[in-house]
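Read through the structure below, which is laid out as structure tokens, and then see the notes.
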Number of protein chains: 2
Amino acid sequence: MTDRNLDFDRAFELVRKECAGIIERAPGLIRGYTSYLTAAQGKMMRAAATLACSMDENGMIPMDAVIFASAVETLHLATLIHDDIMDDADVRRGLVTLQKKSGKRTAVICGDYLLAAAMRQLSRATENDRYKSFDFSRYVERVALGELRQNINNKNYKLDVFRYLAIIDGKTAALFEGAYHAGALAGDESEERIAMLRKLGRYTGIIFQLTDDCIDIEVSENKAGKPVQADFENGVITMPFIHAVKQDPSLAQDAQEGKLSKTQVFEAIIKSGGVSFTHNMAGSYYDKCLGIMDKLSLSGKKKEILGGLLERAYKGLN
Amino acid sequence: MTDRNLDFDRAFELVRKECAGIIERAPGLIRGYTSYLTAAQGKMMRAAATLACSMDENGMIPMDAVIFASAVETLHLATLIHDDIMDDADVRRGLVTLQKKSGKRTAVICGDYLLAAAMRQLSRATENDRYKSFDFSRYVERVALGELRQNINNKNYKLDVFRYLAIIDGKTAALFEGAYHAGALAGDESEERIAMLRKLGRYTGIIFQLTDDCIDIEVSENKAGKPVQADFENGVITMPFIHAVKQDPSLAQDAQEGKLSKTQVFEAIIKSGGVSFTHNMAGSYYDKCLGIMDKLSLSGKKKEILGGLLERAYKGLN
């Protein structure tokens, strides 16, 4: 029997506390570097997903889902720290990145520490037997693989749609899927429903990334909390650009030769309809998600939150 | 009941296969970067320790110890990959490092992947209930902390003995302790004996590092498989140098100002007796280890291997 005695708001608050606690309980040295990150906890979409997936028909949540959700968010933070090293990123969630603030060496180690701390948090979930099938490290492996694919394709201006989807399936969708999976397990769902919830998570992650790609092109520096067209500047090729190259292959050559200014890239993408193409692709995953949610016959708070996350992923409401 | 049906040689061979298998089973992309590392599996001292700690009085080993040992070695490899990023190291175990060969970005990710793979391997150990107390991620956290301490003290020519011991307690001794701990658990030892075996592992790790510090000063490039005085060149301060500064504080100032050549550092250390001081400190831990082994009343193959590891750590027989 799963003892669910937390409502969503209480559970979400506890996740915040657990996440802060993981950093606060870290040895002083690690804390010194990472404590400023608690100020930037972000939207915690993954945590919300884990909690919602674990809900019963009355919207009540078991403590294990809180533990899982905080592990997922801590792991997410660890991957962001390593991600920022690779992207040479200066700003994240409106704060200076750890790699910029304290150097790449420190960021490598603090990321490792948080990765281990996330694993430790996972192991705190009490009803261990039910979770034997939950191989969270598989998701970490998939994230690493996605990052590696992205890295290999840095400045590969001829990257195609299929390969790009494989990249984001790892770098973004895997952790979403893991978050939904963990929640479904904590909520003691059936095998079949677990599989559906995982798919919902994976697709929501893909939508989230595609929308993020559009935001990187469209939105001004201030709103996105990071510089505009940061992706292109860092050699990260995303869907809108891939579409633009498909329409006009000479773009790839020009980009390769460093002939394209930010403005030219922006204009070429807009002209090709790359943003709408990407948005439409997100739309087709969005429709699939609606279908899955329908099959799951979700209701009440569970439907509200999972539906809300899907909307946020699709519309980029930050 | 623990089913022990492997002798040491068979178990050790299986660990090699498991370690190679973890890399071989990795997705092609990861494998492409890491497969050359299987050629450099190293001495696998930690694996030998795990196996020996799990032995019964007939020297027989359970399969879980093989799983644990391969997880420990894979984790060790992951930490070396991240370590090499931070040290800008070109060569390790006689091979070009991953960070040199494929770049720091790739090395960050492949390290993460192997860290996750090590955790996954750990979870494969079958008799899970007995291992609930085994919080392996704590050891990963300690390693990270040790690395961070080392990093902070890079080029801190005034580093003292106490702080240095805290560094190596993390960066080297933690994984040794974890290896002994895992073996003792797989072997179903009593709480009291587990505590003693962990301490034996921790001290053996400290001895190993202190001896390694001496080797870095004393041995020529060819023998150590890495450049001479690589530590000092990388700003890594070790025990022999700390002792030399204690004898002649002006050294710290000269080093700070970049006035010291490799030869001068070497001569100052030798003159101060820094190598013998370090060796003697290793000796006092060595004596403690003999005492622990005595209390444990080890015999047969178990005594032979754990004693042999201690000798290797102390004498630096590679």
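Order determines the names: the first chain of the structure tokens is A, the second B, and so forth; residues in each chain are numbered 1 upward, and ligands are numbered 1 upward as they are shown.
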- What residues in range 87-313 of chain B get the DSSP label helix (DSSP H, G or I)? Please answer as a PyMOL selection string. chain B and resi 87+98-102+104-123+128-131+136-152+161-186+191-218+221-224+230-233+239-247+250-256+262-272+274-295+300-313
For the contact check between chain A and chain B, emit one row per residue of chain A within 10 Å, containing the shortest atom pair and the distance in Å rounded to one decimal, counting only C-alpha atoms, chain then rising number order, as a tab-separated table.
```
residue	atom	partner	partner_atom	distance
A:Ala26	CA	B:Glu141	CA	8.9
A:Pro27	CA	B:Leu145	CA	7.8
A:Gly28	CA	B:Leu145	CA	9.7
A:Leu29	CA	B:Leu145	CA	7.6
A:Ile30	CA	B:Leu145	CA	7.1
A:Thr79	CA	B:Asp112	CA	9.0
A:His82	CA	B:Val108	CA	7.2
A:Asp83	CA	B:Ile109	CA	8.9
A:Ile85	CA	B:Arg105	CA	7.7
A:Met86	CA	B:Arg105	CA	5.4
A:Asp87	CA	B:Arg105	CA	8.8
A:Lys104	CA	B:Met86	CA	8.1
A:Arg105	CA	B:Met86	CA	5.4
A:Thr106	CA	B:Leu148	CA	6.5
A:Ala107	CA	B:Leu148	CA	9.5
A:Val108	CA	B:Val108	CA	7.2
A:Ile109	CA	B:Ala144	CA	5.5
A:Cys110	CA	B:Ala144	CA	7.1
A:Gly111	CA	B:Ala144	CA	9.0
A:Asp112	CA	B:Ala144	CA	6.5
A:Tyr113	CA	B:Glu141	CA	5.1
A:Leu114	CA	B:Glu141	CA	7.9
A:Leu115	CA	B:Asp112	CA	8.6
A:Ala116	CA	B:Ser137	CA	5.0
A:Ala117	CA	B:Ser137	CA	6.7
A:Ala118	CA	B:Ser137	CA	8.7
A:Met119	CA	B:Ser137	CA	6.4
A:Arg120	CA	B:Ser137	CA	5.6
A:Gln121	CA	B:Ser137	CA	9.3
A:Ser123	CA	B:Asp135	CA	8.1
A:Arg124	CA	B:Lys132	CA	9.8
A:Asn128	CA	B:Asp129	CA	9.2
A:Asp129	CA	B:Asp129	CA	9.0
A:Lys132	CA	B:Ser123	CA	8.8
A:Asp135	CA	B:Arg120	CA	7.0
A:Phe136	CA	B:Arg120	CA	8.0
A:Ser137	CA	B:Ala116	CA	5.1
A:Arg138	CA	B:Arg120	CA	7.2
A:Tyr139	CA	B:Ala116	CA	8.7
A:Val140	CA	B:Ala116	CA	6.0
A:Glu141	CA	B:Tyr113	CA	5.1
A:Arg142	CA	B:Tyr113	CA	8.2
A:Val143	CA	B:Tyr113	CA	8.4
A:Ala144	CA	B:Ile109	CA	5.5
A:Leu145	CA	B:Ile30	CA	7.1
A:Gly146	CA	B:Ile109	CA	9.4
A:Glu147	CA	B:Ile109	CA	7.0
A:Leu148	CA	B:Ile109	CA	6.4
A:Arg149	CA	B:Leu29	CA	7.8
A:Asn151	CA	B:Thr106	CA	7.4
A:Ile152	CA	B:Thr106	CA	8.5
```
- Query: Mind pulling up the distance from CA of Cys289 in chain A to CA of Ala195 in chain A?
  - Reply: 13.0 Å
- Can you work out the spacing between CA of Ser54 in chain B and CA of Gly178 in chain B in Å, to one decimal? 12.9 Å
- Task: Would you mind reading off the distance between CA of Ala69 in chain B and CA of Tyr131 in chain B, one decimal, in Å?
- Result: 14.3 Å
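Among the candidates A:Tyr33, A:Ser133, A:Met60, A:Lys295, the residue lying nearest to Gly103 in chain A is A:Tyr33 (atoms considered: only C-alpha atoms).
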- Rank B:Lys301, B:Arg130, B:Lys262, B:Lys155 by their smallest atom-to-atom distance to Cys53 in chain B, using only C-alpha atoms, and report the top residue only. B:Lys301
- Task: Find the residue from B:Leu309, B:Met63, B:Met44, B:Ala20 that sits nearest to Ala125 in chain B; use only C-alpha atoms when measuring.
- Result: B:Met63
Quick one: residues within 7 Å of range 237-249 of chain B, only C-alpha atoms, excluding same-chain residues fewer than 2 positions away - as a short mmCIF file (atom, residue, chain, number, x, y, z; two decimals) with all heavy atoms, in the first residue's frame?
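After the write, out.cif holds the following:
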```cif
data_model
loop_
_atom_site.label_atom_id
_atom_site.label_comp_id
_atom_site.auth_asym_id
_atom_site.auth_seq_id
_atom_site.Cartn_x
_atom_site.Cartn_y
_atom_site.Cartn_z
N ASN B 154 45.45 24.36 -5.49
CA ASN B 154 46.39 24.36 -6.60
C ASN B 154 47.32 25.56 -6.46
O ASN B 154 46.88 26.68 -6.24
CB ASN B 154 45.58 24.45 -7.91
CG ASN B 154 46.43 24.12 -9.12
OD1 ASN B 154 47.03 25.01 -9.72
ND2 ASN B 154 46.52 22.85 -9.46
N LYS B 155 48.61 25.26 -6.54
CA LYS B 155 49.65 26.30 -6.38
C LYS B 155 49.61 27.00 -5.02
O LYS B 155 50.11 28.11 -4.90
CB LYS B 155 49.57 27.32 -7.50
CG LYS B 155 49.85 26.70 -8.86
CD LYS B 155 50.12 27.70 -9.92
CE LYS B 155 50.42 26.95 -11.22
NZ LYS B 155 50.36 27.79 -12.39
N TYR B 157 51.40 27.03 -2.24
CA TYR B 157 52.71 26.49 -1.83
C TYR B 157 52.86 26.46 -0.31
O TYR B 157 53.86 25.99 0.20
CB TYR B 157 53.82 27.28 -2.50
CG TYR B 157 53.74 27.21 -4.01
CD1 TYR B 157 53.30 28.30 -4.76
CD2 TYR B 157 54.04 26.03 -4.69
CE1 TYR B 157 53.19 28.23 -6.15
CE2 TYR B 157 53.92 25.93 -6.06
CZ TYR B 157 53.49 27.04 -6.79
OH TYR B 157 53.37 26.96 -8.14
N LEU B 159 50.45 25.06 1.60
CA LEU B 159 49.56 24.00 2.07
C LEU B 159 50.20 23.24 3.24
O LEU B 159 51.39 22.97 3.21
CB LEU B 159 49.30 23.02 0.91
CG LEU B 159 48.31 21.88 1.14
CD1 LEU B 159 46.90 22.43 1.37
CD2 LEU B 159 48.29 20.94 -0.06
N ASP B 160 49.39 22.95 4.29
CA ASP B 160 49.99 22.22 5.42
C ASP B 160 49.63 20.73 5.40
O ASP B 160 48.75 20.29 4.65
CB ASP B 160 49.64 22.88 6.75
CG ASP B 160 48.15 22.83 7.05
OD1 ASP B 160 47.49 21.85 6.65
OD2 ASP B 160 47.63 23.77 7.68
N VAL B 161 50.31 19.99 6.25
CA VAL B 161 50.18 18.53 6.29
C VAL B 161 48.73 18.10 6.55
O VAL B 161 48.19 17.22 5.87
CB VAL B 161 51.09 17.93 7.40
CG1 VAL B 161 50.76 16.46 7.64
CG2 VAL B 161 52.55 18.09 7.00
N ASP B 213 53.19 10.01 -4.33
CA ASP B 213 53.84 11.33 -4.24
C ASP B 213 55.36 11.19 -4.31
O ASP B 213 56.03 11.99 -4.96
CB ASP B 213 53.49 12.02 -2.91
CG ASP B 213 52.01 12.40 -2.82
OD1 ASP B 213 51.29 12.27 -3.82
OD2 ASP B 213 51.60 12.84 -1.73
N CYS B 214 55.88 10.18 -3.61
CA CYS B 214 57.33 9.96 -3.61
C CYS B 214 57.79 9.55 -5.01
O CYS B 214 58.82 10.03 -5.49
CB CYS B 214 57.73 8.87 -2.61
SG CYS B 214 57.42 9.35 -0.90
N ASP B 231 53.15 16.45 -10.87
CA ASP B 231 52.33 17.10 -9.85
C ASP B 231 52.71 18.57 -9.71
O ASP B 231 51.87 19.46 -9.86
CB ASP B 231 52.52 16.39 -8.49
CG ASP B 231 51.88 15.01 -8.49
OD1 ASP B 231 50.92 14.79 -9.25
OD2 ASP B 231 52.36 14.15 -7.72
N PHE B 232 53.99 18.81 -9.45
CA PHE B 232 54.43 20.19 -9.23
C PHE B 232 54.16 21.06 -10.46
O PHE B 232 53.70 22.19 -10.34
CB PHE B 232 55.93 20.22 -8.88
CG PHE B 232 56.38 21.58 -8.45
CD1 PHE B 232 56.14 22.02 -7.15
CD2 PHE B 232 57.01 22.44 -9.34
CE1 PHE B 232 56.54 23.30 -6.75
CE2 PHE B 232 57.41 23.71 -8.95
CZ PHE B 232 57.18 24.14 -7.65
N GLY B 235 50.84 22.33 -10.56
CA GLY B 235 50.42 23.12 -9.40
C GLY B 235 49.86 22.27 -8.27
O GLY B 235 49.33 22.78 -7.30
N LEU B 251 61.12 28.74 0.24
CA LEU B 251 60.77 27.97 -0.97
C LEU B 251 59.39 28.35 -1.49
O LEU B 251 59.17 28.44 -2.69
CB LEU B 251 60.75 26.48 -0.66
CG LEU B 251 62.01 25.66 -0.83
CD1 LEU B 251 61.71 24.22 -0.42
CD2 LEU B 251 62.51 25.72 -2.26
N ALA B 252 58.45 28.52 -0.55
CA ALA B 252 57.06 28.82 -0.95
C ALA B 252 57.03 30.13 -1.73
O ALA B 252 56.38 30.23 -2.77
CB ALA B 252 56.17 28.91 0.29
N ALA B 268 65.66 20.71 -3.58
CA ALA B 268 65.17 21.21 -2.29
C ALA B 268 64.43 20.12 -1.52
O ALA B 268 64.59 19.99 -0.31
CB ALA B 268 64.25 22.41 -2.52
N ILE B 269 63.65 19.34 -2.25
CA ILE B 269 62.90 18.26 -1.59
C ILE B 269 63.86 17.21 -1.03
O ILE B 269 63.74 16.79 0.12
CB ILE B 269 61.88 17.62 -2.57
CG1 ILE B 269 60.73 18.59 -2.84
CG2 ILE B 269 61.35 16.31 -2.03
CD1 ILE B 269 59.77 18.16 -3.93
N SER B 272 65.76 18.49 2.01
CA SER B 272 64.92 18.61 3.22
C SER B 272 64.55 17.25 3.80
O SER B 272 64.00 17.17 4.89
CB SER B 272 63.63 19.35 2.88
OG SER B 272 62.75 18.49 2.16
N GLY B 274 62.29 15.41 2.34
CA GLY B 274 60.83 15.36 2.10
C GLY B 274 60.35 13.99 1.66
O GLY B 274 59.23 13.57 2.02
N VAL B 275 61.20 13.29 0.91
CA VAL B 275 60.77 11.97 0.44
C VAL B 275 60.77 10.97 1.61
O VAL B 275 59.79 10.23 1.79
CB VAL B 275 61.66 11.47 -0.73
CG1 VAL B 275 61.32 10.03 -1.08
CG2 VAL B 275 61.47 12.36 -1.95
N THR B 278 57.82 11.65 3.88
CA THR B 278 56.57 11.14 3.32
C THR B 278 56.51 9.61 3.44
O THR B 278 55.48 9.03 3.80
CB THR B 278 56.45 11.56 1.84
OG1 THR B 278 56.59 12.98 1.76
CG2 THR B 278 55.11 11.16 1.26
#
```
